[in-house]
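Asker: I have a structure here, written as structure tokens, and I will follow up with some questions on it.
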Amino acid sequence: VEFSDFQCPACRAAAPIAKDVVESNPGRVALVYRHFPLETIHRNARAAALVAEAASMQGKFWEYHDILFTRQEDWAGESNPEAKFLKYAEELELDMGAFEEAMKSDEVKNLVDSDITDGLTFNVNSTPTFFVDGQKVGTGDLAQVVAAKL
């Protein structure tokens, strides 16, 4: 389980590490992404979490996840990143009406809020934060801890 923030540079750096751990252990390891936007320092992190969940409703969470991290520098400093977020959805050929409705829906908002609440319950105080079988693990130790658990 990873608690992450799409606007966090450290989370962007950790994404390929987590992906490699999953891909190196097909069928044995799964990554569960949980939103933990650090809104006090990343003003667009919550909006990014909402659009990622809106993409998820059309089965494109991981594709949108990858775009958000790959292009983090393009949208992170925007005063209103919505136009860029919509462009990314178009690139993924999402149903734009459904996407725009979902990104503003209570369902998506509640999913993100639930992740934040869970993160606070598990004493997440920075991102990225990984848990492997309930054990808090640093990014640098992720592959080793997962290997030891298999």
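Naming scheme: A, B, ... for chains in displayed order of the structure tokens; residues 1 onward per chain; ligands 1 onward as shown.
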Taking 6 positions as the minimum chain separation for residues in the same chain, which residues sit within 12 Å of range 36-41 of chain A when counting only C-alpha atoms? Answer as a PyMOL selection string.
Answerer: chain A and resi 1-9+11+47-50+76-77+111-130
Asker: Compile a residue-level contact table for range 84-128 of chain A against range 69-74 of chain A at a cut-off of 12 Å, reporting for every qualifying residue the shortest atom pair and its distance in Å to one decimal, with only C-alpha atoms counted, rows ordered by chain and ascending number, as a Markdown table.
Answerer:
```
| residue | atom | partner | partner_atom | distance |
| --- | --- | --- | --- | --- |
| A:Lys84 | CA | A:Asp74 | CA | 8.3 |
| A:Phe85 | CA | A:Asp74 | CA | 10.4 |
| A:Lys87 | CA | A:Arg71 | CA | 11.9 |
| A:Tyr88 | CA | A:Arg71 | CA | 9.8 |
```
Asker: Based on the selection just made, write N, CA and C atoms of those residues as a compact mmCIF listing (two decimals), in the first residue's frame.
Answerer:
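Output file out24.txt is given in full below:
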```
# COMPACT_ATOMS: atom_id res chain seq x y z
N LYS A 84 -5.31 21.44 -18.14
CA LYS A 84 -4.31 20.40 -18.41
C LYS A 84 -4.85 19.02 -18.03
N PHE A 85 -5.55 18.94 -16.92
CA PHE A 85 -6.13 17.66 -16.51
C PHE A 85 -7.13 17.15 -17.54
N LYS A 87 -7.04 17.88 -20.74
CA LYS A 87 -6.25 17.49 -21.91
C LYS A 87 -5.70 16.08 -21.74
N TYR A 88 -5.23 15.75 -20.54
CA TYR A 88 -4.71 14.41 -20.29
C TYR A 88 -5.82 13.36 -20.45
```
Asker: Running DSSP on the backbone, which parts of chain A land in strand (DSSP E or B), as an MDAnalysis selection string?
Answerer: chainID A and resid 2:4 33:35 129:132 135:137
Asker: State, in Å with one decimal place, the distance from CA of Asp133 in chain A to CA of Lys109 in chain A.
Answerer: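 Those two atoms sit 26.9 Å apart.
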Asker: What does the structure give for the distance between CA of Asp106 in chain A and CA of Glu63 in chain A, in Å to one decimal?
Answerer: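 Between CA of Asp106 in chain A and CA of Glu63 in chain A the gap is 22.7 Å.
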Asker: Set the distance at 12 Å and use only C-alpha atoms: which residues neighbour Met57 in chain A once local chain neighbours fewer than 3 positions away are removed? I'd like the list as a PyMOL selection string.
Answerer: chain A and resi 50-54+60-62+64+89+94-96+98-103+105+107-108+111
Asker: Tell me which of A:Asp20, A:Asp141, A:Glu90, A:Glu82 sits closest to Lys104 in chain A, counting only C-alpha atoms.
Answerer: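 Looking at the shortest contact to Lys104 in chain A, the residue is A:Glu82.
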Asker: Record the distance separating CA of Val132 in chain A and CA of Ala30 in chain A, expressed in Å with one decimal.
Answerer: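 Separating CA of Val132 in chain A from CA of Ala30 in chain A is a distance of 10.2 Å.
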